[in-house]
>>> print(open('run.cif').read())   # mmCIF, C-alpha atoms and all ligand atoms
data_structure
#
loop_
_atom_site.group_PDB
_atom_site.id
_atom_site.type_symbol
_atom_site.label_atom_id
_atom_site.label_comp_id
_atom_site.auth_asym_id
_atom_site.auth_seq_id
_atom_site.Cartn_x
_atom_site.Cartn_y
_atom_site.Cartn_z
ATOM 1 C CA MET U 1 -126.240 59.257 40.914
ATOM 2 C CA LYS U 2 -126.184 61.712 38.034
ATOM 3 C CA LYS U 3 -122.861 62.057 36.228
ATOM 4 C CA LYS U 4 -121.557 65.615 36.307
ATOM 5 C CA ILE U 5 -120.178 66.654 32.955
ATOM 6 C CA ILE U 6 -118.866 69.593 30.983
ATOM 7 C CA LEU U 7 -119.593 69.266 27.277
ATOM 8 C CA ASP U 8 -117.247 70.847 24.745
ATOM 9 C CA VAL U 9 -118.814 71.111 21.270
ATOM 10 C CA ASP U 10 -118.536 72.537 17.737
ATOM 11 C CA PRO U 11 -122.080 72.134 16.331
ATOM 12 C CA GLY U 12 -122.354 70.483 13.826
ATOM 13 C CA TYR U 13 -125.543 68.511 13.172
ATOM 14 C CA ASP U 14 -124.341 65.478 15.157
ATOM 15 C CA ASP U 15 -123.163 67.672 18.048
ATOM 16 C CA ALA U 16 -126.814 68.770 18.386
ATOM 17 C CA PHE U 17 -127.797 65.186 19.266
ATOM 18 C CA ALA U 18 -125.032 65.050 21.900
ATOM 19 C CA ILE U 19 -126.302 68.319 23.407
ATOM 20 C CA LEU U 20 -129.849 66.947 23.413
ATOM 21 C CA LEU U 21 -128.866 63.736 25.224
ATOM 22 C CA ALA U 22 -126.593 65.535 27.693
ATOM 23 C CA GLY U 23 -129.116 68.269 28.417
ATOM 24 C CA LYS U 24 -132.146 66.030 28.836
ATOM 25 C CA HIS U 25 -131.110 62.585 30.059
ATOM 26 C CA LYS U 26 -131.849 61.912 33.705
ATOM 27 C CA SER U 27 -128.483 60.291 34.391
ATOM 28 C CA ILE U 28 -126.466 63.321 33.209
ATOM 29 C CA ASP U 29 -125.940 66.532 35.163
ATOM 30 C CA LEU U 30 -124.806 69.023 32.520
ATOM 31 C CA GLN U 31 -122.646 71.636 34.231
ATOM 32 C CA GLY U 32 -122.083 73.768 31.179
ATOM 33 C CA ILE U 33 -121.279 73.774 27.498
ATOM 34 C CA THR U 34 -118.079 75.224 26.118
ATOM 35 C CA VAL U 35 -117.907 75.967 22.428
ATOM 36 C CA VAL U 36 -114.965 75.664 20.068
ATOM 37 C CA ALA U 37 -114.395 76.395 16.386
ATOM 38 C CA GLY U 38 -114.429 73.218 14.317
ATOM 39 C CA ASN U 39 -117.226 72.295 11.988
ATOM 40 C CA GLN U 40 -117.707 76.049 11.495
ATOM 41 C CA SER U 41 -116.237 79.333 12.774
ATOM 42 C CA LEU U 42 -116.588 80.004 16.498
ATOM 43 C CA GLU U 43 -119.282 82.625 15.886
ATOM 44 C CA ARG U 44 -121.291 80.068 13.975
ATOM 45 C CA THR U 45 -120.771 77.132 16.387
ATOM 46 C CA LEU U 46 -121.716 79.441 19.264
ATOM 47 C CA LYS U 47 -124.900 80.569 17.541
ATOM 48 C CA ASN U 48 -125.722 76.961 16.698
ATOM 49 C CA THR U 49 -125.239 75.975 20.357
ATOM 50 C CA LEU U 50 -127.590 78.746 21.500
ATOM 51 C CA ASP U 51 -130.166 77.733 18.879
ATOM 52 C CA ILE U 52 -129.959 74.055 19.836
ATOM 53 C CA CYS U 53 -130.345 74.812 23.557
ATOM 54 C CA SER U 54 -133.246 77.165 23.002
ATOM 55 C CA ASN U 55 -134.926 74.742 20.580
ATOM 56 C CA PHE U 56 -134.770 71.880 23.088
ATOM 57 C CA ASN U 57 -135.235 74.031 26.251
ATOM 58 C CA ILE U 58 -131.841 73.194 27.681
ATOM 59 C CA ASP U 59 -130.850 75.623 30.385
ATOM 60 C CA THR U 60 -127.136 75.494 31.067
ATOM 61 C CA LYS U 61 -124.130 77.807 31.069
ATOM 62 C CA ILE U 62 -122.692 78.393 27.601
ATOM 63 C CA ALA U 63 -119.210 79.842 27.173
ATOM 64 C CA ALA U 64 -117.334 80.646 23.972
ATOM 65 C CA GLY U 65 -113.857 79.200 23.781
ATOM 66 C CA MET U 66 -111.045 79.059 21.243
ATOM 67 C CA SER U 67 -111.664 80.419 17.757
ATOM 68 C CA GLY U 68 -109.027 78.198 16.183
ATOM 69 C CA PRO U 69 -106.536 75.408 16.861
ATOM 70 C CA LEU U 70 -103.397 75.755 18.990
ATOM 71 C CA LEU U 71 -100.774 75.675 16.252
ATOM 72 C CA ARG U 72 -101.999 74.538 12.880
ATOM 73 C CA GLU U 73 -103.985 76.669 10.416
ATOM 74 C CA LYS U 74 -107.752 76.597 10.875
ATOM 75 C CA ILE U 75 -109.934 74.217 8.844
ATOM 76 C CA ILE U 76 -113.710 73.947 8.829
ATOM 77 C CA SER U 77 -116.037 71.209 7.676
ATOM 78 C CA LYS U 78 -117.783 71.596 4.316
ATOM 79 C CA ASN U 79 -121.049 69.857 5.012
ATOM 80 C CA ASN U 80 -121.662 69.808 8.749
ATOM 81 C CA ASN U 81 -123.420 73.032 9.354
ATOM 82 C CA CYS U 82 -126.224 72.367 11.781
ATOM 83 C CA ASP U 83 -128.480 74.988 10.380
ATOM 84 C CA LEU U 84 -131.619 74.426 12.425
ATOM 85 C CA GLY U 85 -133.544 76.528 10.004
ATOM 86 C CA ILE U 86 -133.142 79.628 12.139
ATOM 87 C CA ARG U 87 -131.149 81.882 9.891
ATOM 88 C CA ARG U 88 -130.257 84.938 11.916
ATOM 89 C CA ASP U 89 -127.316 86.718 13.496
ATOM 90 C CA LEU U 90 -126.623 86.676 17.220
ATOM 91 C CA THR U 91 -129.198 88.880 18.943
ATOM 92 C CA LYS U 92 -128.899 90.883 22.190
ATOM 93 C CA GLU U 93 -130.869 88.135 23.957
ATOM 94 C CA ASP U 94 -128.380 85.549 22.719
ATOM 95 C CA ILE U 95 -125.444 87.577 23.920
ATOM 96 C CA ILE U 96 -126.970 87.904 27.404
ATOM 97 C CA LYS U 97 -127.131 84.106 27.572
ATOM 98 C CA ILE U 98 -123.414 83.696 26.849
ATOM 99 C CA GLU U 99 -121.279 83.466 29.987
ATOM 100 C CA ASN U 100 -119.046 86.456 30.514
ATOM 101 C CA ILE U 101 -115.989 84.251 30.737
ATOM 102 C CA HIS U 102 -113.784 82.525 28.182
ATOM 103 C CA GLY U 103 -114.665 78.858 27.605
ATOM 104 C CA VAL U 104 -111.202 77.709 28.673
ATOM 105 C CA ASN U 105 -111.559 79.556 31.995
ATOM 106 C CA HIS U 106 -115.052 78.186 32.346
ATOM 107 C CA ILE U 107 -113.653 74.637 32.198
ATOM 108 C CA ILE U 108 -110.932 75.507 34.714
ATOM 109 C CA ASN U 109 -113.282 77.269 37.161
ATOM 110 C CA THR U 110 -116.003 74.640 36.980
ATOM 111 C CA LEU U 111 -113.518 71.870 37.756
ATOM 112 C CA HIS U 112 -111.753 73.925 40.389
ATOM 113 C CA ASN U 113 -114.998 74.782 42.209
ATOM 114 C CA SER U 114 -116.403 71.276 42.076
ATOM 115 C CA LYS U 115 -116.022 69.121 45.171
ATOM 116 C CA GLU U 116 -116.222 65.947 43.157
ATOM 117 C CA LYS U 117 -114.352 64.896 40.061
ATOM 118 C CA MET U 118 -116.160 65.610 36.810
ATOM 119 C CA THR U 119 -116.212 64.056 33.349
ATOM 120 C CA ILE U 120 -115.386 66.119 30.300
ATOM 121 C CA VAL U 121 -116.895 65.213 26.967
ATOM 122 C CA GLY U 122 -115.362 66.547 23.757
ATOM 123 C CA THR U 123 -117.206 66.331 20.455
ATOM 124 C CA GLY U 124 -115.081 68.794 18.501
ATOM 125 C CA PRO U 125 -111.392 69.656 18.107
ATOM 126 C CA LEU U 126 -109.781 69.400 21.547
ATOM 127 C CA THR U 127 -108.418 72.968 21.690
ATOM 128 C CA ASN U 128 -110.401 74.264 24.701
ATOM 129 C CA ILE U 129 -109.678 71.218 26.828
ATOM 130 C CA ALA U 130 -105.961 71.136 26.004
ATOM 131 C CA MET U 131 -105.651 74.872 26.705
ATOM 132 C CA ALA U 132 -107.352 74.417 30.078
ATOM 133 C CA VAL U 133 -104.901 71.653 30.977
ATOM 134 C CA LYS U 134 -101.913 73.697 29.809
ATOM 135 C CA LEU U 135 -103.020 76.801 31.698
ATOM 136 C CA TYR U 136 -103.857 75.008 34.913
ATOM 137 C CA PRO U 137 -102.351 71.488 34.974
ATOM 138 C CA GLU U 138 -103.690 70.794 38.506
ATOM 139 C CA ILE U 139 -107.205 70.449 37.071
ATOM 140 C CA THR U 140 -106.315 67.035 35.649
ATOM 141 C CA LYS U 141 -106.789 65.724 39.200
ATOM 142 C CA LYS U 142 -110.396 66.874 39.051
ATOM 143 C CA ILE U 143 -111.115 65.107 35.756
ATOM 144 C CA GLU U 144 -112.690 61.723 36.233
ATOM 145 C CA LYS U 145 -112.512 60.929 32.532
ATOM 146 C CA LEU U 146 -112.274 62.599 29.180
ATOM 147 C CA VAL U 147 -114.659 60.999 26.705
ATOM 148 C CA ILE U 148 -114.116 62.074 23.119
ATOM 149 C CA MET U 149 -115.534 61.483 19.703
ATOM 150 C CA GLY U 150 -112.414 61.563 17.618
ATOM 151 C CA GLY U 151 -109.763 59.568 15.861
ATOM 152 C CA SER U 152 -110.011 56.245 14.124
ATOM 153 C CA ILE U 153 -108.235 52.965 14.237
ATOM 154 C CA GLY U 154 -109.090 52.435 10.598
ATOM 155 C CA ARG U 155 -109.330 54.956 7.822
ATOM 156 C CA GLY U 156 -109.997 58.661 8.280
ATOM 157 C CA ASN U 157 -112.762 60.921 6.967
ATOM 158 C CA ILE U 158 -110.939 64.205 6.331
ATOM 159 C CA THR U 159 -107.758 62.585 4.990
ATOM 160 C CA PRO U 160 -107.269 58.868 4.248
ATOM 161 C CA LYS U 161 -105.602 58.478 7.661
ATOM 162 C CA ALA U 162 -107.132 61.161 9.908
ATOM 163 C CA GLU U 163 -110.510 61.839 11.458
ATOM 164 C CA PHE U 164 -111.809 65.441 11.411
ATOM 165 C CA ASN U 165 -111.736 66.363 15.140
ATOM 166 C CA ILE U 166 -108.167 65.179 15.614
ATOM 167 C CA PHE U 167 -106.952 66.519 12.262
ATOM 168 C CA ALA U 168 -108.460 69.951 13.058
ATOM 169 C CA ASP U 169 -106.120 70.225 16.073
ATOM 170 C CA PRO U 170 -103.640 67.329 16.382
ATOM 171 C CA GLU U 171 -101.359 69.227 18.778
ATOM 172 C CA SER U 172 -104.180 69.641 21.318
ATOM 173 C CA ALA U 173 -105.037 65.955 21.017
ATOM 174 C CA HIS U 174 -101.354 65.128 21.572
ATOM 175 C CA ILE U 175 -101.263 67.161 24.808
ATOM 176 C CA LEU U 176 -104.279 65.330 26.212
ATOM 177 C CA PHE U 177 -103.308 61.854 24.995
ATOM 178 C CA ASN U 178 -99.999 62.306 26.813
ATOM 179 C CA SER U 179 -101.482 63.733 30.017
ATOM 180 C CA GLU U 180 -102.519 61.988 33.242
ATOM 181 C CA ILE U 181 -106.155 62.056 32.153
ATOM 182 C CA ASP U 182 -108.061 58.804 31.720
ATOM 183 C CA ILE U 183 -109.248 58.939 28.100
ATOM 184 C CA VAL U 184 -112.121 57.141 26.422
ATOM 185 C CA MET U 185 -111.879 57.412 22.657
ATOM 186 C CA ILE U 186 -114.936 56.714 20.555
ATOM 187 C CA GLY U 187 -113.569 56.890 17.050
ATOM 188 C CA LEU U 188 -114.905 56.923 13.555
ATOM 189 C CA HIS U 189 -114.562 53.146 13.180
ATOM 190 C CA VAL U 190 -117.439 52.887 15.689
ATOM 191 C CA THR U 191 -119.486 56.064 15.179
ATOM 192 C CA GLU U 192 -119.870 55.559 11.442
ATOM 193 C CA LYS U 193 -122.032 52.547 12.267
ATOM 194 C CA ILE U 194 -124.677 54.930 13.666
ATOM 195 C CA ILE U 195 -126.558 55.957 10.541
ATOM 196 C CA ILE U 196 -129.726 58.026 10.328
ATOM 197 C CA THR U 197 -131.675 55.768 8.025
ATOM 198 C CA GLU U 198 -135.207 56.253 6.743
ATOM 199 C CA GLU U 199 -136.293 53.851 9.473
ATOM 200 C CA VAL U 200 -134.845 56.208 12.117
ATOM 201 C CA PHE U 201 -136.760 59.130 10.584
ATOM 202 C CA LYS U 202 -139.974 57.095 10.687
ATOM 203 C CA LYS U 203 -139.401 55.941 14.243
ATOM 204 C CA ILE U 204 -138.744 59.455 15.552
ATOM 205 C CA LYS U 205 -141.794 60.762 13.712
ATOM 206 C CA SER U 206 -143.956 58.033 15.225
ATOM 207 C CA ILE U 207 -142.941 58.888 18.807
ATOM 208 C CA ASP U 208 -144.792 62.170 18.398
ATOM 209 C CA THR U 209 -143.969 64.022 21.607
ATOM 210 C CA ASN U 210 -143.084 67.685 21.853
ATOM 211 C CA LEU U 211 -139.390 66.825 21.962
ATOM 212 C CA SER U 212 -139.470 64.241 19.166
ATOM 213 C CA ARG U 213 -141.310 66.698 16.897
ATOM 214 C CA LYS U 214 -138.633 69.343 17.474
ATOM 215 C CA LEU U 215 -135.896 66.864 16.675
ATOM 216 C CA TYR U 216 -137.740 65.515 13.658
ATOM 217 C CA ASN U 217 -138.204 69.027 12.246
ATOM 218 C CA MET U 218 -134.499 69.694 12.677
ATOM 219 C CA MET U 219 -133.657 66.443 10.894
ATOM 220 C CA ILE U 220 -136.042 67.101 8.001
ATOM 221 C CA TYR U 221 -134.725 70.637 7.605
ATOM 222 C CA ASP U 222 -131.162 69.341 7.450
ATOM 223 C CA ARG U 223 -131.963 66.599 4.943
ATOM 224 C CA GLU U 224 -133.821 68.986 2.653
ATOM 225 C CA ASN U 225 -131.175 71.682 2.833
ATOM 226 C CA SER U 226 -127.984 69.651 2.842
ATOM 227 C CA GLY U 227 -129.288 67.031 0.449
ATOM 228 C CA ILE U 228 -127.457 64.423 2.547
ATOM 229 C CA GLU U 229 -129.291 61.143 3.114
ATOM 230 C CA ASN U 230 -128.169 58.599 5.706
ATOM 231 C CA ARG U 231 -126.024 60.928 7.770
ATOM 232 C CA LYS U 232 -123.614 59.373 10.247
ATOM 233 C CA LEU U 233 -124.290 60.388 13.794
ATOM 234 C CA HIS U 234 -120.881 60.504 15.459
ATOM 235 C CA ASP U 235 -121.021 62.738 18.526
ATOM 236 C CA PRO U 236 -123.901 61.463 20.713
ATOM 237 C CA ALA U 237 -122.066 58.131 21.119
ATOM 238 C CA THR U 238 -119.991 59.918 23.793
ATOM 239 C CA ILE U 239 -123.033 60.657 25.944
ATOM 240 C CA ALA U 240 -124.473 57.200 25.245
ATOM 241 C CA TYR U 241 -121.217 55.810 26.659
ATOM 242 C CA LEU U 242 -121.848 57.677 29.918
ATOM 243 C CA ILE U 243 -125.455 56.508 30.060
ATOM 244 C CA HIS U 244 -124.872 52.822 29.182
ATOM 245 C CA LYS U 245 -121.267 51.925 28.685
ATOM 246 C CA ASP U 246 -122.232 48.264 28.344
ATOM 247 C CA ILE U 247 -123.420 48.876 24.809
ATOM 248 C CA PHE U 248 -119.768 49.409 23.801
ATOM 249 C CA GLN U 249 -116.962 46.894 23.445
ATOM 250 C CA MET U 250 -113.793 48.449 24.781
ATOM 251 C CA GLU U 251 -110.064 47.713 24.500
ATOM 252 C CA LYS U 252 -107.022 49.367 26.031
ATOM 253 C CA MET U 253 -104.372 50.524 23.574
ATOM 254 C CA ASN U 254 -101.162 52.503 23.378
ATOM 255 C CA MET U 255 -101.704 55.288 20.933
ATOM 256 C CA GLU U 256 -99.806 58.101 19.286
ATOM 257 C CA ILE U 257 -101.094 61.225 17.580
ATOM 258 C CA ILE U 258 -98.994 61.753 14.473
ATOM 259 C CA LEU U 259 -97.732 65.346 14.458
ATOM 260 C CA GLU U 260 -95.339 65.100 11.561
ATOM 261 C CA LYS U 261 -96.749 67.144 8.666
ATOM 262 C CA GLY U 262 -97.437 64.805 5.788
ATOM 263 C CA ASN U 263 -100.084 62.297 4.789
ATOM 264 C CA ARG U 264 -100.350 60.837 8.309
ATOM 265 C CA TYR U 265 -100.749 64.205 10.095
ATOM 266 C CA GLY U 266 -103.514 63.858 12.708
ATOM 267 C CA GLN U 267 -103.664 60.067 12.558
ATOM 268 C CA THR U 268 -104.384 58.202 15.813
ATOM 269 C CA LYS U 269 -101.790 55.489 15.411
ATOM 270 C CA VAL U 270 -102.293 52.295 17.407
ATOM 271 C CA TYR U 271 -99.485 50.008 18.596
ATOM 272 C CA LYS U 272 -100.260 46.310 18.224
ATOM 273 C CA GLU U 273 -98.285 45.171 21.265
ATOM 274 C CA ILE U 274 -99.464 46.748 24.511
ATOM 275 C CA ASP U 275 -96.733 48.268 26.642
ATOM 276 C CA LYS U 276 -98.264 48.401 30.120
ATOM 277 C CA ASP U 277 -95.719 51.004 31.226
ATOM 278 C CA GLN U 278 -96.976 53.427 28.604
ATOM 279 C CA LYS U 279 -100.230 55.333 28.768
ATOM 280 C CA GLN U 280 -103.210 53.332 27.589
ATOM 281 C CA ILE U 281 -106.290 54.789 25.952
ATOM 282 C CA ASN U 282 -109.702 53.120 26.399
ATOM 283 C CA VAL U 283 -110.784 52.650 22.825
ATOM 284 C CA ALA U 284 -114.333 51.747 21.800
ATOM 285 C CA MET U 285 -114.117 48.886 19.301
ATOM 286 C CA ASP U 286 -117.794 48.281 18.635
ATOM 287 C CA ILE U 287 -121.264 49.475 19.585
ATOM 288 C CA ASN U 288 -124.680 47.875 19.828
ATOM 289 C CA VAL U 289 -126.355 50.303 17.434
ATOM 290 C CA GLU U 290 -129.888 49.174 18.241
ATOM 291 C CA GLU U 291 -129.345 49.893 21.928
ATOM 292 C CA PHE U 292 -127.904 53.290 21.040
ATOM 293 C CA TRP U 293 -131.118 54.228 19.242
ATOM 294 C CA ASN U 294 -133.172 52.865 22.118
ATOM 295 C CA ILE U 295 -131.493 55.347 24.471
ATOM 296 C CA LEU U 296 -132.566 58.206 22.215
ATOM 297 C CA TYR U 297 -136.073 56.883 21.572
ATOM 298 C CA LYS U 298 -136.683 56.341 25.275
ATOM 299 C CA LEU U 299 -135.660 59.904 26.033
ATOM 300 C CA LEU U 300 -137.911 61.287 23.292
ATOM 301 C CA ARG U 301 -140.870 59.277 24.578
ATOM 302 C CA LEU U 302 -140.511 60.602 28.112
ATOM 303 C CA GLU U 303 -140.629 64.274 27.103
ATOM 304 C CA ASN U 304 -143.962 65.708 26.131
HETATM 305 C C1 LIG O 401 -116.580 64.577 13.779
HETATM 306 O O1 LIG O 401 -116.290 65.664 12.909
HETATM 307 C C2 LIG O 401 -117.335 66.594 12.918
HETATM 308 O O2 LIG O 401 -117.616 67.039 11.614
HETATM 309 C C3 LIG O 401 -118.514 65.914 13.573
HETATM 310 O O3 LIG O 401 -119.298 66.853 14.292
HETATM 311 C C4 LIG O 401 -117.863 64.929 14.496
HETATM 312 O O4 LIG O 401 -117.565 65.521 15.733
HETATM 313 C C5 LIG O 401 -116.657 63.299 12.944
HETATM 314 O O5 LIG O 401 -115.424 63.069 12.326
HETATM 315 CA CA CA O 402 -118.543 67.634 16.394
#
>>> encode(input="run.cif", output="structure tokens")
Amino acid sequence: MKKKIILDVDPGYDDAFAILLAGKHKSIDLQGITVVAGNQSLERTLKNTLDICSNFNIDTKIAAGMSGPLLREKIISKNNNCDLGIRRDLTKEDIIKIENIHGVNHIINTLHNSKEKMTIVGTGPLTNIAMAVKLYPEITKKIEKLVIMGGSIGRGNITPKAEFNIFADPESAHILFNSEIDIVMIGLHVTEKIIITEEVFKKIKSIDTNLSRKLYNMMIYDRENSGIENRKLHDPATIAYLIHKDIFQMEKMNMEIILEKGNRYGQTKVYKEIDKDQKQINVAMDINVEEFWNILYKLLRLEN
């Protein structure tokens, strides 16, 4: 049976791959995309989401959510733009495609109206999801799982201790990590193993379907314009987890989001001894990278 999900994103080059997998894979039933500020301003992440969906022919509801974090001052990423090469402002046609409802309400309504439990996937700062839970706590009963790309049990990437998505809104992460929700955390220590090497470029080029060509063009455009070689592909690991969780090694851990302002702000701190009476987070410890790529390649081959 297809897994019903809501995807919350802040594109972001790597978010685009998560949207592609979620929108196209046969085992995922994408019930909508909510957009949050993160890698870029909300206006920009929203436009990127619309561009990604139109580029890959993904037809789903798209709703704009929070334009900044709950409490802290807003930060954006310097080099994760996801410029698909379509440089333009939002058009009237774009605006028609945006749901006439706030992203946070879209999450609440979708869960509320669903008979079954649904999975939420977060690949940006967790502001929309935490707001939804704060506004309407009963929805946690409708959430099967929350799968996030965020945090790290090793070093960080935005500060020595913190990963970008958690650092961009630690208070939202804290709300969710202390809620009833079953959380799967796929952190930096795992996602930074997924690297877009020259071999990946070649492989995607060689698949040569309509879909692979669109993705390849996006990748080439990014490499030429950002000048970044060997990008790390963090976000699609979340969707890969839902498709084939066996490619991950998981461990349960007690975890704390550090909220004290200072050099550990936004760190996902792990406790060595497990206290079974405290909430445990399902933490991905490793990934079979080859199998990850196979999921993507297989999808690209199917689409012509
Ligand atoms: C995360 O931060 C963002 O820049 C990426 O899109 C990813 O979600 C990696 O730390
Ligand atoms: Ca992201």
>>> residues_near_ligand(input="run.cif", ligand="ligand CA 402 (chain O)", cutoff="12 Å", atoms="all atoms listed in the file", output="number ranges by chain")
U: 7-19, 35-40, 45, 48-49, 76-77, 79-82, 121-126, 148-151, 163-166, 168, 187-188, 191, 232-238
>>> residues_around(input="run.cif", residues="Phe56 (chain U)", least_positions_apart="3", cutoff="7 Å", atoms="only C-alpha atoms", output="mmCIF file with C-alpha atoms, in the coordinates of the input")
data_model
loop_
_atom_site.group_PDB
_atom_site.id
_atom_site.type_symbol
_atom_site.label_atom_id
_atom_site.label_comp_id
_atom_site.auth_asym_id
_atom_site.auth_seq_id
_atom_site.Cartn_x
_atom_site.Cartn_y
_atom_site.Cartn_z
ATOM 1 C CA LEU U 20 -129.849 66.947 23.413
ATOM 2 C CA ILE U 52 -129.959 74.055 19.836
ATOM 3 C CA CYS U 53 -130.345 74.812 23.557
ATOM 4 C CA LEU U 211 -139.390 66.825 21.962
#
>>> closest_residue(input="run.cif", among="U:Ile129, U:Val184, U:Ala64, U:Val190", to="ligand LIG 401 (chain O)", atoms="all atoms listed in the file")
U:Val190
>>> axis_aligned_box(input="run.cif", around="ligand LIG 401 (chain O)", padding_each_side="8 Å", output="lines of an AutoDock Vina configuration file")
center_x = -117.4
center_y = 65.1
center_z = 13.7
size_x = 19.9
size_y = 20.0
size_z = 20.1
>>> atom_distance(input="run.cif", atom1="CA of Lys141 (chain U)", atom2="CA of Leu42 (chain U)")
28.6 Å
>>> residues_around(input="run.cif", residues="Val200 (chain U)", least_positions_apart="6", cutoff="10 Å", atoms="all atoms listed in the file", output="list of chain:residue names")
U:Ser206, U:Tyr216, U:Asn230, U:Trp293, U:Tyr297
>>> closest_residue(input="run.cif", among="U:Leu242, U:Met219, U:Ile108, U:Ile75", to="ligand LIG 401 (chain O)", atoms="only C-alpha atoms and all ligand atoms")
U:Ile75
>>> resolve_selection(input="run.cif", expression="the PyMOL selection byres (((chain U and resi 155) around 12) and not hetatm)", output="list in words")
Gly151, Ser152, Ile153, Gly154, Gly156, Asn157, Ile158, Thr159, Pro160, Lys161, Ala162, Glu163, Phe164, Gly187, Leu188, His189, Val190, Glu192, Arg264, Gly266, Gln267, Thr268 and Lys269 of chain U
>>> write_last_selection(input="run.cif", atoms="C-alpha atoms", output="PDB file, in the coordinates of the input")
ATOM      1  CA  GLY U 151    -109.763  59.568  15.861  1.00  0.00           C
ATOM      2  CA  SER U 152    -110.011  56.245  14.124  1.00  0.00           C
ATOM      3  CA  ILE U 153    -108.235  52.965  14.237  1.00  0.00           C
ATOM      4  CA  GLY U 154    -109.090  52.435  10.598  1.00  0.00           C
ATOM      5  CA  GLY U 156    -109.997  58.661   8.280  1.00  0.00           C
ATOM      6  CA  ASN U 157    -112.762  60.921   6.967  1.00  0.00           C
ATOM      7  CA  ILE U 158    -110.939  64.205   6.331  1.00  0.00           C
ATOM      8  CA  THR U 159    -107.758  62.585   4.990  1.00  0.00           C
ATOM      9  CA  PRO U 160    -107.269  58.868   4.248  1.00  0.00           C
ATOM     10  CA  LYS U 161    -105.602  58.478   7.661  1.00  0.00           C
ATOM     11  CA  ALA U 162    -107.132  61.161   9.908  1.00  0.00           C
ATOM     12  CA  GLU U 163    -110.510  61.839  11.458  1.00  0.00           C
ATOM     13  CA  PHE U 164    -111.809  65.441  11.411  1.00  0.00           C
ATOM     14  CA  GLY U 187    -113.569  56.890  17.050  1.00  0.00           C
ATOM     15  CA  LEU U 188    -114.905  56.923  13.555  1.00  0.00           C
ATOM     16  CA  HIS U 189    -114.562  53.146  13.180  1.00  0.00           C
ATOM     17  CA  VAL U 190    -117.439  52.887  15.689  1.00  0.00           C
ATOM     18  CA  GLU U 192    -119.870  55.559  11.442  1.00  0.00           C
ATOM     19  CA  ARG U 264    -100.350  60.837   8.309  1.00  0.00           C
ATOM     20  CA  GLY U 266    -103.514  63.858  12.708  1.00  0.00           C
ATOM     21  CA  GLN U 267    -103.664  60.067  12.558  1.00  0.00           C
ATOM     22  CA  THR U 268    -104.384  58.202  15.813  1.00  0.00           C
ATOM     23  CA  LYS U 269    -101.790  55.489  15.411  1.00  0.00           C
TER      24      LYS U 269
END
>>> residues_around(input="run.cif", residues="Ile143 (chain U)", least_positions_apart="6", cutoff="6 Å", atoms="all atoms listed in the file", output="ChimeraX atom specification")
/U:117-119
>>> closest_residue(input="run.cif", among="U:Met185, U:Ile195, U:Lys78, U:Gln280", to="ligand LIG 401 (chain O)", atoms="all atoms listed in the file")
U:Lys78
>>> closest_residue(input="run.cif", among="U:Ile62, U:Ile28, U:Ala173, U:Ile220", to="Met255 (chain U)", atoms="only C-alpha atoms")
U:Ala173
>>> closest_residue(input="run.cif", among="U:Glu116, U:Ile186, U:Gly65, U:Asn57", to="ligand LIG 401 (chain O)", atoms="all atoms listed in the file")
U:Ile186
